[in-house]
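**Q** Sharing target36.pdb here; it has PDB, C-alpha atoms, pLDDT in the B column.
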ATOM      1  CA  MET A 281      -8.446   7.640 -28.702  1.00 86.00           C
ATOM      2  CA  THR A 282      -9.728   9.232 -25.491  1.00 90.00           C
ATOM      3  CA  VAL A 283      -6.265   9.082 -23.930  1.00 92.00           C
ATOM      4  CA  PHE A 284      -4.832  10.886 -26.946  1.00 94.00           C
ATOM      5  CA  LEU A 285      -7.512  13.599 -26.837  1.00 95.00           C
ATOM      6  CA  VAL A 286      -7.160  14.230 -23.099  1.00 95.00           C
ATOM      7  CA  ALA A 287      -3.359  14.295 -23.281  1.00 96.00           C
ATOM      8  CA  ALA A 288      -3.411  16.563 -26.331  1.00 97.00           C
ATOM      9  CA  PHE A 289      -5.877  18.939 -24.640  1.00 97.00           C
ATOM     10  CA  LEU A 290      -3.702  19.238 -21.536  1.00 97.00           C
ATOM     11  CA  ILE A 291      -0.529  19.788 -23.553  1.00 97.00           C
ATOM     12  CA  VAL A 292      -2.086  22.302 -25.953  1.00 97.00           C
ATOM     13  CA  HIS A 293      -3.754  24.188 -23.108  1.00 97.00           C
ATOM     14  CA  GLY A 294      -0.380  24.391 -21.385  1.00 96.00           C
ATOM     15  CA  VAL A 295       1.440  25.597 -24.484  1.00 96.00           C
ATOM     16  CA  LEU A 296      -1.243  28.234 -25.069  1.00 94.00           C
ATOM     17  CA  HIS A 297      -0.389  29.751 -21.685  1.00 94.00           C
ATOM     18  CA  ILE A 298       3.060  30.535 -23.005  1.00 94.00           C
ATOM     19  CA  GLY A 299       1.717  32.075 -26.205  1.00 90.00           C
ATOM     20  CA  VAL A 300      -0.925  34.207 -24.524  1.00 90.00           C
ATOM     21  CA  TRP A 301       1.243  35.514 -21.712  1.00 90.00           C
ATOM     22  CA  THR A 302       4.413  36.109 -23.736  1.00 88.00           C
ATOM     23  CA  ALA A 303       2.786  37.694 -26.803  1.00 83.00           C
ATOM     24  CA  PRO A 304       4.706  40.857 -27.643  1.00 80.00           C
ATOM     25  CA  GLN A 305       3.039  44.160 -26.814  1.00 74.00           C
ATOM     26  CA  GLN A 306       2.973  46.433 -29.853  1.00 73.00           C
ATOM     27  CA  PRO A 307       3.601  50.063 -28.888  1.00 73.00           C
ATOM     28  CA  GLY A 308       0.738  52.353 -29.850  1.00 70.00           C
ATOM     29  CA  THR A 309      -1.789  49.551 -30.300  1.00 70.00           C
ATOM     30  CA  SER A 310      -4.236  48.217 -27.799  1.00 67.00           C
ATOM     31  CA  SER A 311      -3.585  44.645 -26.757  1.00 69.00           C
ATOM     32  CA  PRO A 312      -6.145  42.288 -25.263  1.00 71.00           C
ATOM     33  CA  PHE A 313      -4.575  42.563 -21.811  1.00 77.00           C
ATOM     34  CA  ASP A 314      -1.351  43.649 -20.170  1.00 85.00           C
ATOM     35  CA  PRO A 315       0.636  41.056 -18.182  1.00 88.00           C
ATOM     36  CA  GLY A 316       2.320  43.987 -16.452  1.00 87.00           C
ATOM     37  CA  HIS A 317      -0.941  45.029 -14.824  1.00 87.00           C
ATOM     38  CA  SER A 318      -2.304  42.917 -12.010  1.00 89.00           C
ATOM     39  CA  TRP A 319      -5.139  44.405 -10.001  1.00 88.00           C
ATOM     40  CA  ALA A 320      -3.907  42.457  -6.951  1.00 91.00           C
ATOM     41  CA  LEU A 321      -0.285  43.519  -7.277  1.00 92.00           C
ATOM     42  CA  ALA A 322      -1.195  47.099  -8.199  1.00 89.00           C
ATOM     43  CA  SER A 323      -3.026  47.391  -4.882  1.00 92.00           C
ATOM     44  CA  LEU A 324       0.285  46.463  -3.236  1.00 92.00           C
ATOM     45  CA  HIS A 325       2.068  49.115  -5.347  1.00 92.00           C
ATOM     46  CA  VAL A 326       4.066  46.586  -7.366  1.00 93.00           C
ATOM     47  CA  LEU A 327       5.452  48.198 -10.514  1.00 92.00           C
ATOM     48  CA  PRO A 328       4.530  46.833 -13.982  1.00 89.00           C
ATOM     49  CA  SER A 329       7.949  45.317 -14.714  1.00 91.00           C
ATOM     50  CA  PRO A 330       8.056  42.998 -11.671  1.00 94.00           C
ATOM     51  CA  ALA A 331       4.357  42.241 -12.135  1.00 93.00           C
ATOM     52  CA  ARG A 332       5.047  41.181 -15.735  1.00 93.00           C
ATOM     53  CA  ALA A 333       7.945  38.996 -14.590  1.00 95.00           C
ATOM     54  CA  MET A 334       5.702  37.312 -12.009  1.00 96.00           C
ATOM     55  CA  ALA A 335       2.988  36.744 -14.615  1.00 95.00           C
ATOM     56  CA  LEU A 336       5.458  35.179 -17.037  1.00 96.00           C
ATOM     57  CA  ALA A 337       6.951  32.947 -14.343  1.00 97.00           C
ATOM     58  CA  ALA A 338       3.493  31.755 -13.300  1.00 97.00           C
ATOM     59  CA  ALA A 339       2.465  31.216 -16.939  1.00 97.00           C
ATOM     60  CA  TRP A 340       5.571  29.152 -17.656  1.00 97.00           C
ATOM     61  CA  TYR A 341       5.079  27.115 -14.471  1.00 98.00           C
ATOM     62  CA  THR A 342       1.441  26.468 -15.392  1.00 98.00           C
ATOM     63  CA  ALA A 343       2.432  25.482 -18.928  1.00 98.00           C
ATOM     64  CA  VAL A 344       5.133  23.079 -17.789  1.00 98.00           C
ATOM     65  CA  VAL A 345       2.849  21.374 -15.271  1.00 98.00           C
ATOM     66  CA  TYR A 346       0.068  21.041 -17.878  1.00 98.00           C
ATOM     67  CA  VAL A 347       2.546  19.442 -20.309  1.00 98.00           C
ATOM     68  CA  ILE A 348       3.717  17.081 -17.550  1.00 98.00           C
ATOM     69  CA  ALA A 349       0.085  16.159 -16.838  1.00 97.00           C
ATOM     70  CA  GLY A 350      -0.499  15.478 -20.533  1.00 97.00           C
ATOM     71  CA  ALA A 351       2.628  13.316 -20.702  1.00 97.00           C
ATOM     72  CA  GLY A 352       1.359  11.480 -17.637  1.00 96.00           C
ATOM     73  CA  VAL A 353      -1.894  10.702 -19.445  1.00 95.00           C
ATOM     74  CA  PHE A 354       0.083   9.319 -22.405  1.00 94.00           C
ATOM     75  CA  ALA A 355       2.150   7.204 -20.003  1.00 94.00           C
ATOM     76  CA  SER A 356      -0.974   5.948 -18.167  1.00 92.00           C
ATOM     77  CA  SER A 357       0.488   7.172 -14.876  1.00 93.00           C
ATOM     78  CA  GLN A 358      -1.406   7.349 -11.621  1.00 92.00           C
ATOM     79  CA  TRP A 359      -0.156  10.875 -10.817  1.00 95.00           C
ATOM     80  CA  TRP A 360      -1.401  12.787 -13.859  1.00 95.00           C
ATOM     81  CA  PRO A 361      -4.668  13.909 -12.164  1.00 96.00           C
ATOM     82  CA  THR A 362      -2.661  15.567  -9.390  1.00 96.00           C
ATOM     83  CA  ALA A 363      -0.478  17.347 -11.931  1.00 97.00           C
ATOM     84  CA  ALA A 364      -3.574  18.469 -13.848  1.00 97.00           C
ATOM     85  CA  LEU A 365      -5.141  19.825 -10.636  1.00 97.00           C
ATOM     86  CA  VAL A 366      -1.959  21.721  -9.742  1.00 98.00           C
ATOM     87  CA  ALA A 367      -1.753  23.181 -13.259  1.00 98.00           C
ATOM     88  CA  ALA A 368      -5.416  24.198 -13.293  1.00 98.00           C
ATOM     89  CA  ALA A 369      -5.217  25.747  -9.822  1.00 98.00           C
ATOM     90  CA  THR A 370      -2.087  27.681 -10.753  1.00 98.00           C
ATOM     91  CA  GLY A 371      -3.764  28.798 -13.971  1.00 97.00           C
ATOM     92  CA  LEU A 372      -6.780  30.046 -12.022  1.00 97.00           C
ATOM     93  CA  VAL A 373      -4.580  31.984  -9.602  1.00 97.00           C
ATOM     94  CA  LEU A 374      -2.690  33.474 -12.542  1.00 96.00           C
ATOM     95  CA  LYS A 375      -5.866  34.489 -14.373  1.00 95.00           C
ATOM     96  CA  GLY A 376      -7.460  35.730 -11.165  1.00 95.00           C
ATOM     97  CA  MET A 377      -4.579  37.983 -10.177  1.00 95.00           C
ATOM     98  CA  TRP A 378      -4.247  39.396 -13.698  1.00 93.00           C
ATOM     99  CA  PHE A 379      -7.929  39.168 -14.505  1.00 90.00           C
ATOM    100  CA  ASP A 380      -9.167  40.532 -17.772  1.00 88.00           C
ATOM    101  CA  PRO A 381     -12.411  39.482 -19.489  1.00 90.00           C
ATOM    102  CA  TRP A 382     -10.283  38.341 -22.424  1.00 88.00           C
ATOM    103  CA  LEU A 383      -8.972  35.503 -20.222  1.00 91.00           C
ATOM    104  CA  SER A 384     -12.439  34.144 -19.399  1.00 93.00           C
ATOM    105  CA  VAL A 385     -12.156  31.180 -21.772  1.00 94.00           C
ATOM    106  CA  GLY A 386      -8.969  30.122 -19.994  1.00 94.00           C
ATOM    107  CA  VAL A 387     -10.757  30.337 -16.656  1.00 96.00           C
ATOM    108  CA  LEU A 388     -13.524  28.076 -17.977  1.00 96.00           C
ATOM    109  CA  LEU A 389     -10.976  25.572 -19.306  1.00 97.00           C
ATOM    110  CA  ASP A 390      -9.127  25.467 -15.974  1.00 97.00           C
ATOM    111  CA  VAL A 391     -12.393  24.985 -14.082  1.00 97.00           C
ATOM    112  CA  GLY A 392     -13.309  22.256 -16.579  1.00 96.00           C
ATOM    113  CA  VAL A 393     -10.050  20.429 -15.846  1.00 97.00           C
ATOM    114  CA  ILE A 394     -10.726  20.585 -12.106  1.00 97.00           C
ATOM    115  CA  VAL A 395     -14.301  19.314 -12.530  1.00 96.00           C
ATOM    116  CA  ALA A 396     -13.213  16.531 -14.913  1.00 95.00           C
ATOM    117  CA  VAL A 397     -10.507  15.324 -12.535  1.00 95.00           C
ATOM    118  CA  ALA A 398     -12.834  15.539  -9.522  1.00 94.00           C
ATOM    119  CA  CYS A 399     -15.489  13.533 -11.373  1.00 94.00           C
ATOM    120  CA  THR A 400     -12.875  11.067 -12.754  1.00 89.00           C
ATOM    121  CA  TRP A 401     -14.019  11.898 -16.243  1.00 85.00           C
ATOM    122  CA  PRO A 402     -13.394  10.445 -18.727  1.00 77.00           C
ATOM    123  CA  ALA A 403     -13.208   7.145 -16.876  1.00 75.00           C
ATOM    124  CA  SER A 404     -11.105   5.510 -19.581  1.00 73.00           C
ATOM    125  CA  VAL A 405      -8.055   7.564 -18.622  1.00 73.00           C
ATOM    126  CA  HIS A 406      -8.305   7.042 -14.847  1.00 68.00           C
TER     127      HIS A 406
END
Mind converting the file's structure to structure tokens?
**A**
Amino acid sequence: MTVFLVAAFLIVHGVLHIGVWTAPQQPGTSSPFDPGHSWALASLHVLPSPARAMALAAAWYTAVVYVIAGAGVFASSQWWPTAALVAAATGLVLKGMWFDPWLSVGVLLDVGVIVAVACTWPASVH
């Protein structure tokens, strides 16, 4: 049961990256955050369109690696913790470069993945 829960968490967390970062922006309404605005890229004078493309590419990469990590848990592989660490680190970079308080829960989840892998928790999946 623990293997199923850990794998499902990793896969769902990955898929949520796609949903959050690709949600359509409704003109004239305020959205939780704008993937076209990165404080880090704005300081380098990167325009919103390329910034949005970079955010979407990073979100898709993070999602795919999280899904791979979840599949690795299901398969009882030895490499899934590495994939989970890569996904969480990429997710933190993504959320850090495009930081908005609305993304704070995602930051906590990524940090939780890193801590869980570092502490080999839960032990039944390691």
**Q** Choose the residue, out of A:Val391, A:Val405, A:Val373, A:Val366, that has the smallest atom-to-atom separation from Val347 (chain A); count all atoms listed in the file.
**A**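 Looking only at the distances to Val347 (chain A), the closest residue turns out to be A:Val366.
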**Q** The PyMOL selection byres ((chain A and resi 321) around 12) on the file shown: which residues, as a ChimeraX atom specification?
**A** /A:315-320,322-335,374,376-379
**Q** Which of these, A:Val286, A:Ala364, A:Leu336, A:Leu383, has the shortest distance to Phe313 (chain A) once you count all atoms listed in the file?
**A**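 Selected residue with least distance to Phe313 (chain A): A:Leu383.
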**Q** Show which residues sit within 8 Å of Trp360 (chain A), as a PyMOL selection string. Count all atoms listed in the file, and ignore same-chain residues fewer than 6 positions away.
**A** chain A and resi 348-353
**Q** Hey, could you pull the box centre and edge lengths for region 349-360 of chain A, axis-aligned, 6 Å padding per side, all listed atoms, to one decimal in Å, as AutoDock Vina command-line options?
**A**
--center_x 0.4 --center_y 11.1 --center_z -16.6 --size_x 16.5 --size_y 22.2 --size_z 23.6
**Q** Quick one: everything within 12 Å of His297 (chain A), counting all atoms listed in the file, minus sequence neighbours fewer than 5 positions away in the same chain. Send it as a PyMOL selection string.
**A** chain A and resi 290-292+302-303+315+335-347+367-368+370-372+374-375+383+385-387+389-390
**Q** Give me, please, the distance in Å between CA of Ala396 (chain A) and CA of Ala369 (chain A), quoted to one decimal.
**A**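 About the pair CA of Ala396 (chain A) and CA of Ala369 (chain A): they are 13.2 Å apart.
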**Q** Report the distance between CA of Thr282 (chain A) and CA of Ser404 (chain A) in Å, rounded to one decimal place.
**A**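 Spanning CA of Thr282 (chain A) to CA of Ser404 (chain A) is a straight-line distance of 7.1 Å.
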**Q** Quick one: distance from CA of Ser384 (chain A) to CA of Met281 (chain A) in Å, one decimal?
**A** 28.4 Å
**Q** If we count all atoms listed in the file and set the cut-off at 12 Å, which residues sit around Pro304 (chain A), ignoring sequence neighbours fewer than 3 positions away in its own chain? Please answer as a short mmCIF file (atom, residue, chain, number, x, y, z; two decimals) with C-alpha atoms, in the frame of the given file.
**A**
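File written: result.cif
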data_model
loop_
_atom_site.label_atom_id
_atom_site.label_comp_id
_atom_site.auth_asym_id
_atom_site.auth_seq_id
_atom_site.Cartn_x
_atom_site.Cartn_y
_atom_site.Cartn_z
CA ILE A 298 3.06 30.54 -23.00
CA GLY A 299 1.72 32.08 -26.20
CA VAL A 300 -0.92 34.21 -24.52
CA TRP A 301 1.24 35.51 -21.71
CA PRO A 307 3.60 50.06 -28.89
CA THR A 309 -1.79 49.55 -30.30
CA SER A 310 -4.24 48.22 -27.80
CA SER A 311 -3.58 44.64 -26.76
CA PRO A 312 -6.14 42.29 -25.26
CA PHE A 313 -4.58 42.56 -21.81
CA ASP A 314 -1.35 43.65 -20.17
CA PRO A 315 0.64 41.06 -18.18
CA GLY A 316 2.32 43.99 -16.45
CA ARG A 332 5.05 41.18 -15.74
#
**Q** A:Ala398, A:Val295, A:Val283, A:Ala288: which is nearest Ser356 (chain A), counting all atoms listed in the file?
**A**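 For Ser356 (chain A), the nearest of the given residues is A:Val283.
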